[in-house]
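See structure below.
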Amino acid sequence: MREATRVTRAILIAISLVALAVIVWKLSVVVTVAFGGVIGATLLRGLALPLGRRTGLAERWSLVLTIIGLFALGSALSWLFGQQAAEQIAEMQQLIPQAIDRLRTALRSSGDGSAVIDSIKKVSTDSKTISSVGLAAGAVVLGIGDIVLVFFLSIYFAFSPREYLDGLLRLLPPIRRPQVKTVLMTAGDALRKWLLAQLAAMVVIGLLVGVSMGLLRVPLALLLGALAFVFEFVPVIGPIVFTIPGVLVAFTQGPAKAFYVLLVYIGVQQLESNIILPLLQRWAARLPPAVTLLSVVVGGILLGPTGVIVATPLAVVAMTLVEHLYVENTLEHHPEPVARDSGSQNDRGRTS
């Protein structure tokens, strides 16, 4: 009877987990936006808590000063570089098609290049490209709304994290709440360290690309550095994305300049992989490269472009939860053996 009850319970748990996974998948937009709020709140608190420790301010006032400081920094950057960035964006919209035309002409001059162009035409036509641009524009409009929502969620979560954490813990049995709370706090700390390390890497890569493009006299150096800063947040895919426009812009000045720019991008990525990230990962959470790549691919398949953005920080949290709740608590948990009564053993010896 007990065995049947245990099997029934296991089946019900499995069905519940599958139903929960389906619900999460159906509400993927809500889940990604909510997790985006968690990421934003973690970053705000990661910047505010050190400020509070150094100044002695209360946690709430540290958060207020951090938000004001970020607004001031954004306003200053917009005032200093906003017009220049807008002009460079407009110029890039003209240079990229020119670079593509020059690249197409260069490829047509060789037999292998013509085969490449023909294969590309089979995959995509000009009309499809135009429609894709329209779809991308619509996605940008929807993305702006999501960004605004994530912004407000980040502020709410940052100012009252314990309130939301306690509400989540009330869904669990009381006996499990202390352990899960500790693990969630550990996951939050790992996410905070990863975000701060990633932010540092983004700043370094953005500066390296911008300065390198300026020294090589490549047009739109400021914009190319900003693109490197933004897309560096997405591991593996991000560096590929911000390398393409830089090489295309340089190609408008000739194949030799494009080749040198490509070497610079490769050098920057080697510097990041072998020096910058290893130094940062001594302090922050480290994800194996294969796990990082798979998380980005799975996030893109399940949740679309937004999933690609949140895939890596979500993997950081997931690995922490799996390590503490499943590996340590289940797989590596060995109950202590029950000690036998030495007196009873002696009695058995006398009896024998």
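By convention in this document, the chains of the structure tokens carry letters A, B, ... by their order, each chain's residues are numbered from 1, and ligands are numbered from 1 in the order they are shown.
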
Show me, as a ChimeraX atom specification, the residues that have an atom within 10 Å of A:Arg217 when counting only C-alpha atoms, minus same-chain residues fewer than 5 positions from it. /A:211-212,250,253,257

Could you pull out the alpha helix (DSSP H) residues of stretch 88-324 of chain A from DSSP and send them as an NGL selection string? :A and (88-108 or 111-123 or 126-159 or 161-169 or 177-215 or 221-231 or 237-251 or 255-271 or 277-281 or 289-303 or 305-321)

Two-atom distance - atom CA of A:Thr292, atom CA of A:Val310 (Å): 11.4 Å

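Between atom CA of A:Ile205 and atom CA of A:Val218 the interatomic distance comes to 16.8 Å.
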
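Remark: for A:Leu149, the closest of the candidate residues A:Gly299, A:Gly36, A:Pro289, A:Gly246 is A:Gly36 (distances computed over only C-alpha atoms).
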
Using only C-alpha atoms, which of A:Leu287, A:Met202, A:Leu302, A:Ala226 sits nearest A:Phe81? A:Ala226
